[in-house]
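Structure, as structure tokens:
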Amino acid sequence: MQIKTRKQGNSLTLIVPKEFNIAPGQRVVPKLRANGIFYRFVDDKDDFFDFSTDVLKSLVAQGLTGNELVSEFNRQKHAISASLSTLANDYDVITLSRKELKKKIGL
């Protein structure tokens, strides 16, 4: 079985054959390999991009509490999202460990 890519905006899409029985909305992580692309299903427990605990630990260690803690947490959470978007746009192919990613986004 072969399928073709299709242009959708600035991206390409792949049609997944019905026979694969993949539910709509299933999240996957693409991995570029030498001989193609591998898609790994994302487990709902996968928190690779969730830095909430790291941010909170850092802010508590700085002595922040109450509304100040909430405000700074929201500011940093927004900054992380913006940094991740910038990274995604700046690199066609990038492989980072969680530690490297945290360093790139300033954690």
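Identifiers in this document derive from the order of the structure tokens: chains are assigned A, B, ..., residues are numbered from 1 separately in each chain, and ligands are numbered from 1 in order of occurrence.
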
Exercise. Name the residues of region 18-94 of chain A that come out as alpha helix (DSSP H) in a backbone DSSP run; write them as a PyMOL selection string.
Key: chain A and resi 52-61+66-90

Quiz item: Within 6 Å of region 27-29 of chain A, counting only C-alpha atoms, which residues qualify if same-chain residues fewer than 5 places away don't, as a ChimeraX atom specification?
Solution: /A:39-42

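Nearest residue to Gln76 (chain A), choosing from A:Leu64, A:Ala34, A:Ala23, A:Leu59 and counting only C-alpha atoms: A:Leu59.
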
Practice problem: Output as an MDAnalysis selection string all residues of chain A that backbone DSSP marks as strand (DSSP E or B). | Solution: chainID A and resid 5:8 11:14 28:33 36:41

Quiz prompt | Which residue of A:Arg33, A:Lys4, A:Lys77, A:Lys18 approaches Asp50 (chain A) most closely, using only C-alpha atoms | solution = A:Lys77

Quiz prompt | CA of Phe20 (chain A) to CA of Gly36 (chain A), distance in Å rounded to a single decimal | solution = 18.5 Å

Quiz item: What is the distance, in Å and to one decimal place, between CA of Gly9 (chain A) and CA of Ile22 (chain A)?
Solution: 23.6 Å

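In this comparison, which uses only C-alpha atoms, the residue of A:Glu19, A:Thr13, A:Asp54, A:Lys7 approaching Lys99 (chain A) most closely is A:Asp54.
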
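The space between CA of Ile15 (chain A) and CA of Thr86 (chain A) spans 27.3 Å.
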
Quiz item: Any idea what's packed within 9 Å of Gly106 (chain A), counting only C-alpha atoms, ignoring anything in its chain fewer than 2 positions away? Could you give it as a list in words?
Solution: Ile80, Ser83, Leu101, Lys102, Lys103 and Lys104 of chain A
